[in-house]
Amino acid sequence: MTGHAVRSLAVVGGALALLASCGDDDAPGFGICEPGIVEVVSFTPGVGAGFGADRLPDIVQGPPDGGKTSEGSLSVLSLGIGGELVVRLGCEVTDGDGVDFVVAENPFLVGATGAAFVEPAEIAVSIDGADFKVFPCTPPTSTVADDDGVDGCAGLSPVTANADNGLAGVFPDGGGDGFDLGTIGVDRAVFMRVHDRSSGGSANNAGFDLDAITVRSY
């Protein structure tokens, strides 16, 4: 897409912050929009963060890089324990019938039980980037857990969608964790806040590993 905004990012006090923005013609409502992340607003690394940070913002933009259930994608940003990322999507998410957007992490199945190695995160949404509404998240008590679909966290379901198979934003066929704005009384959202709620991991890939966020394709 031509005419993307020109932005600069810097680490300030341990956080990656947006310094400048101009030419914002990929904003929601401007012609053809990007159904994924177009801007990293801020990144506050947690303990053990670092993997993928040198490739921001590209590493979290575009479609997910899934396709395997036995191993996680390496096209991710590790938030670290307690880390937090705020991003803006190029398309406004509106409350529709069922799942409205999908968060892709890199869980992978362990053994033959159907359970996955998980690093959950809490998701919050906002229309203005200031007032966020949180999806209640109850992290599993174990790092290997089944996705029962009722815990409200991201980072539990393996991702099969990638740039080649056209399943990005197709839920549940493309995998990832789906979120319905209506369940928290929200009509529209543009900004997403991802807050790590995992319990462990080693540097530099500890915590929730964000691959992509995509608007649901109906």
# chains A, B, ... in the order shown; residues from 1 in each chain; ligands from 1
>>> select_by_dssp(residues="range 19-200 of chain A", states="helix (DSSP H, G or I)", output="ChimeraX atom specification")
/A:53-55,58-60,181-184
>>> write_last_selection(atoms="N, CA and C atoms", output="compact mmCIF listing (two decimals), in the first residue's frame")
# COMPACT_ATOMS: atom_id res chain seq x y z
N ALA A 53 12.73 -7.74 18.77
CA ALA A 53 12.66 -6.29 18.99
C ALA A 53 13.47 -5.51 17.96
N ASP A 54 14.54 -6.12 17.45
CA ASP A 54 15.36 -5.43 16.46
C ASP A 54 14.68 -5.36 15.10
N ARG A 55 13.53 -6.06 14.96
CA ARG A 55 12.81 -6.05 13.69
C ARG A 55 11.48 -5.32 13.79
N ASP A 58 8.14 -4.08 11.78
CA ASP A 58 7.78 -5.04 10.72
C ASP A 58 7.41 -6.41 11.26
N ILE A 59 8.05 -6.83 12.36
CA ILE A 59 7.88 -8.19 12.86
C ILE A 59 6.44 -8.49 13.27
N VAL A 60 5.66 -7.48 13.64
CA VAL A 60 4.28 -7.71 14.07
C VAL A 60 3.27 -7.24 13.02
N LEU A 181 -15.94 -8.15 20.31
CA LEU A 181 -16.09 -6.88 21.01
C LEU A 181 -17.36 -6.82 21.84
N GLY A 182 -18.40 -7.46 21.34
CA GLY A 182 -19.68 -7.41 22.03
C GLY A 182 -19.65 -7.98 23.42
N THR A 183 -18.73 -8.90 23.69
CA THR A 183 -18.68 -9.52 25.02
C THR A 183 -18.22 -8.56 26.10
N ILE A 184 -17.57 -7.45 25.71
CA ILE A 184 -17.17 -6.45 26.70
C ILE A 184 -17.87 -5.12 26.46
>>> atom_distance(atom1="CA of Arg197 in chain A", atom2="CA of Gly82 in chain A")
6.2 Å
>>> residues_around(residues="range 125-127 of chain A", least_positions_apart="3", cutoff="7 Å", atoms="only C-alpha atoms", output="PyMOL selection string")
chain A and resi 130-134+188-193
>>> write_last_selection(atoms="C-alpha atoms", output="PDB file, in the first residue's frame")
ATOM      1  CA  ALA A 130      -6.392   6.462  25.581  1.00  0.00           C
ATOM      2  CA  ASP A 131      -9.422   4.714  27.095  1.00  0.00           C
ATOM      3  CA  PHE A 132      -8.980   0.927  26.962  1.00  0.00           C
ATOM      4  CA  LYS A 133     -11.517  -1.794  27.726  1.00  0.00           C
ATOM      5  CA  VAL A 134     -10.068  -5.113  28.885  1.00  0.00           C
ATOM      6  CA  ARG A 188     -15.610  -0.183  17.630  1.00  0.00           C
ATOM      7  CA  ALA A 189     -11.860  -0.392  18.198  1.00  0.00           C
ATOM      8  CA  VAL A 190      -8.662   0.681  16.467  1.00  0.00           C
ATOM      9  CA  PHE A 191      -5.977   0.315  19.138  1.00  0.00           C
ATOM     10  CA  MET A 192      -4.971  -2.943  20.828  1.00  0.00           C
ATOM     11  CA  ARG A 193      -3.007  -3.391  24.055  1.00  0.00           C
TER      12      ARG A 193
END
>>> closest_residue(among="A:Ile123, A:Asp209, A:Asp147, A:Arg216", to="Val76 in chain A", atoms="only C-alpha atoms")
A:Asp209
>>> atom_distance(atom1="CA of Pro57 in chain A", atom2="CA of Ala154 in chain A")
20.0 Å
>>> select_by_dssp(residues="range 26-154 of chain A", states="strand (DSSP E)", output="ChimeraX atom specification")
/A:37-44,77-78,84-94,101-104,108-109,116-117,121-126,133-134,144-145
>>> write_last_selection(atoms="N, CA and C atoms", output="short mmCIF file (atom, residue, chain, number, x, y, z; two decimals), in the first residue's frame")
data_model
loop_
_atom_site.label_atom_id
_atom_site.label_comp_id
_atom_site.auth_asym_id
_atom_site.auth_seq_id
_atom_site.Cartn_x
_atom_site.Cartn_y
_atom_site.Cartn_z
N ILE A 37 -1.88 -4.81 11.93
CA ILE A 37 -1.14 -3.77 12.64
C ILE A 37 -0.41 -2.87 11.64
N VAL A 38 -0.56 -1.55 11.79
CA VAL A 38 0.17 -0.60 10.94
C VAL A 38 1.07 0.31 11.76
N GLU A 39 0.93 0.28 13.09
CA GLU A 39 1.74 1.18 13.91
C GLU A 39 1.98 0.57 15.28
N VAL A 40 3.23 0.64 15.74
CA VAL A 40 3.56 0.31 17.12
C VAL A 40 3.56 1.62 17.90
N VAL A 41 2.61 1.77 18.80
CA VAL A 41 2.49 2.99 19.58
C VAL A 41 3.50 3.00 20.72
N SER A 42 3.62 1.87 21.42
CA SER A 42 4.59 1.77 22.50
C SER A 42 4.91 0.32 22.79
N PHE A 43 6.11 0.08 23.28
CA PHE A 43 6.53 -1.26 23.70
C PHE A 43 7.29 -1.12 25.01
N THR A 44 6.78 -1.73 26.06
CA THR A 44 7.43 -1.74 27.36
C THR A 44 7.87 -3.16 27.65
N LEU A 77 7.45 -11.12 18.23
CA LEU A 77 8.07 -10.25 19.21
C LEU A 77 7.79 -10.82 20.60
N SER A 78 8.84 -11.12 21.36
CA SER A 78 8.68 -11.62 22.73
C SER A 78 8.52 -10.43 23.67
N GLU A 84 4.45 -5.25 27.78
CA GLU A 84 3.22 -4.71 27.19
C GLU A 84 3.51 -4.02 25.86
N LEU A 85 2.61 -4.24 24.91
CA LEU A 85 2.71 -3.63 23.59
C LEU A 85 1.38 -2.98 23.23
N VAL A 86 1.42 -1.76 22.72
CA VAL A 86 0.22 -1.08 22.24
C VAL A 86 0.41 -0.83 20.75
N VAL A 87 -0.60 -1.22 19.96
CA VAL A 87 -0.51 -1.08 18.51
C VAL A 87 -1.79 -0.47 17.96
N ARG A 88 -1.68 0.04 16.72
CA ARG A 88 -2.87 0.54 16.01
C ARG A 88 -3.09 -0.32 14.78
N LEU A 89 -4.34 -0.68 14.53
CA LEU A 89 -4.69 -1.43 13.34
C LEU A 89 -5.03 -0.47 12.21
N GLY A 90 -4.84 -0.93 10.98
CA GLY A 90 -5.14 -0.11 9.82
C GLY A 90 -6.60 -0.13 9.43
N CYS A 91 -7.37 -1.05 10.01
CA CYS A 91 -8.82 -1.11 9.78
C CYS A 91 -9.52 -1.01 11.12
N GLU A 92 -10.57 -0.23 11.17
CA GLU A 92 -11.38 -0.17 12.37
C GLU A 92 -12.10 -1.50 12.56
N VAL A 93 -12.02 -2.06 13.74
CA VAL A 93 -12.73 -3.29 14.06
C VAL A 93 -14.11 -2.92 14.58
N THR A 94 -15.14 -3.49 14.01
CA THR A 94 -16.50 -3.23 14.46
C THR A 94 -17.13 -4.51 14.98
N PHE A 101 -11.92 -9.98 15.78
CA PHE A 101 -10.51 -9.93 15.44
C PHE A 101 -9.79 -11.13 16.05
N VAL A 102 -8.62 -11.43 15.47
CA VAL A 102 -7.89 -12.62 15.87
C VAL A 102 -6.46 -12.24 16.25
N VAL A 103 -6.01 -12.74 17.39
CA VAL A 103 -4.64 -12.52 17.85
C VAL A 103 -3.85 -13.81 17.64
N ALA A 104 -2.72 -13.68 16.93
CA ALA A 104 -1.89 -14.85 16.64
C ALA A 104 -0.61 -14.80 17.47
N PHE A 108 2.32 -24.23 20.42
CA PHE A 108 2.46 -25.46 19.65
C PHE A 108 2.03 -26.64 20.51
N LEU A 109 1.47 -27.64 19.84
CA LEU A 109 0.95 -28.81 20.54
C LEU A 109 2.08 -29.65 21.12
N ALA A 116 -1.33 -27.61 24.49
CA ALA A 116 -0.30 -26.79 23.86
C ALA A 116 0.58 -26.12 24.91
N PHE A 117 1.81 -25.83 24.52
CA PHE A 117 2.67 -24.99 25.34
C PHE A 117 2.20 -23.56 25.15
N ALA A 121 -1.67 -13.90 27.24
CA ALA A 121 -1.65 -12.45 27.39
C ALA A 121 -3.07 -11.93 27.50
N GLU A 122 -3.20 -10.80 28.17
CA GLU A 122 -4.47 -10.08 28.28
C GLU A 122 -4.58 -9.07 27.15
N ILE A 123 -5.76 -9.00 26.54
CA ILE A 123 -5.99 -8.08 25.43
C ILE A 123 -6.96 -6.98 25.86
N ALA A 124 -6.64 -5.75 25.49
CA ALA A 124 -7.53 -4.61 25.74
C ALA A 124 -7.66 -3.83 24.44
N VAL A 125 -8.79 -3.16 24.25
CA VAL A 125 -9.05 -2.44 23.00
C VAL A 125 -9.49 -1.00 23.28
N SER A 126 -9.29 -0.13 22.28
CA SER A 126 -9.64 1.27 22.43
C SER A 126 -9.95 1.87 21.07
N LYS A 133 -10.60 -0.85 27.09
CA LYS A 133 -11.52 -1.79 27.73
C LYS A 133 -10.88 -3.19 27.64
N VAL A 134 -10.81 -3.86 28.78
CA VAL A 134 -10.07 -5.11 28.89
C VAL A 134 -10.97 -6.32 28.70
N VAL A 144 1.45 -25.94 29.98
CA VAL A 144 0.90 -26.84 28.97
C VAL A 144 -0.58 -27.00 29.27
N ALA A 145 -1.43 -26.51 28.39
CA ALA A 145 -2.86 -26.47 28.69
C ALA A 145 -3.70 -26.63 27.44
#
>>> residues_around(residues="Gly176 in chain A", least_positions_apart="3", cutoff="9 Å", atoms="only C-alpha atoms", output="PyMOL selection string")
chain A and resi 102-107+154-161+169+171-173
>>> write_last_selection(atoms="C-alpha atoms", output="mmCIF file, in the first residue's frame")
data_model
loop_
_atom_site.group_PDB
_atom_site.id
_atom_site.type_symbol
_atom_site.label_atom_id
_atom_site.label_comp_id
_atom_site.auth_asym_id
_atom_site.auth_seq_id
_atom_site.Cartn_x
_atom_site.Cartn_y
_atom_site.Cartn_z
ATOM 1 C CA VAL A 102 -7.887 -12.616 15.869
ATOM 2 C CA VAL A 103 -4.639 -12.520 17.855
ATOM 3 C CA ALA A 104 -1.888 -14.847 16.641
ATOM 4 C CA GLU A 105 0.846 -16.025 18.990
ATOM 5 C CA ASN A 106 3.008 -19.134 18.524
ATOM 6 C CA PRO A 107 1.647 -21.922 20.751
ATOM 7 C CA ALA A 154 -4.618 -14.781 23.816
ATOM 8 C CA GLY A 155 -1.745 -17.154 23.183
ATOM 9 C CA LEU A 156 -3.542 -20.481 23.618
ATOM 10 C CA SER A 157 -4.430 -21.708 20.127
ATOM 11 C CA PRO A 158 -1.857 -22.732 17.467
ATOM 12 C CA VAL A 159 -1.870 -20.687 14.266
ATOM 13 C CA THR A 160 -2.267 -22.208 10.806
ATOM 14 C CA ALA A 161 -2.765 -18.949 8.866
ATOM 15 C CA GLY A 169 -8.387 -13.438 9.911
ATOM 16 C CA PHE A 171 -11.608 -17.949 12.291
ATOM 17 C CA PRO A 172 -11.317 -20.682 13.442
ATOM 18 C CA ASP A 173 -9.733 -22.230 10.326
#
>>> atom_distance(atom1="CA of Phe135 in chain A", atom2="CA of Gly152 in chain A")
6.3 Å
>>> closest_residue(among="A:Gly149, A:Gly129, A:Gly83, A:Gly96", to="Asp187 in chain A", atoms="only C-alpha atoms")
A:Gly96
>>> closest_residue(among="A:Gly185, A:Pro64, A:Gly201, A:Gly80", to="Asp95 in chain A", atoms="only C-alpha atoms")
A:Gly185
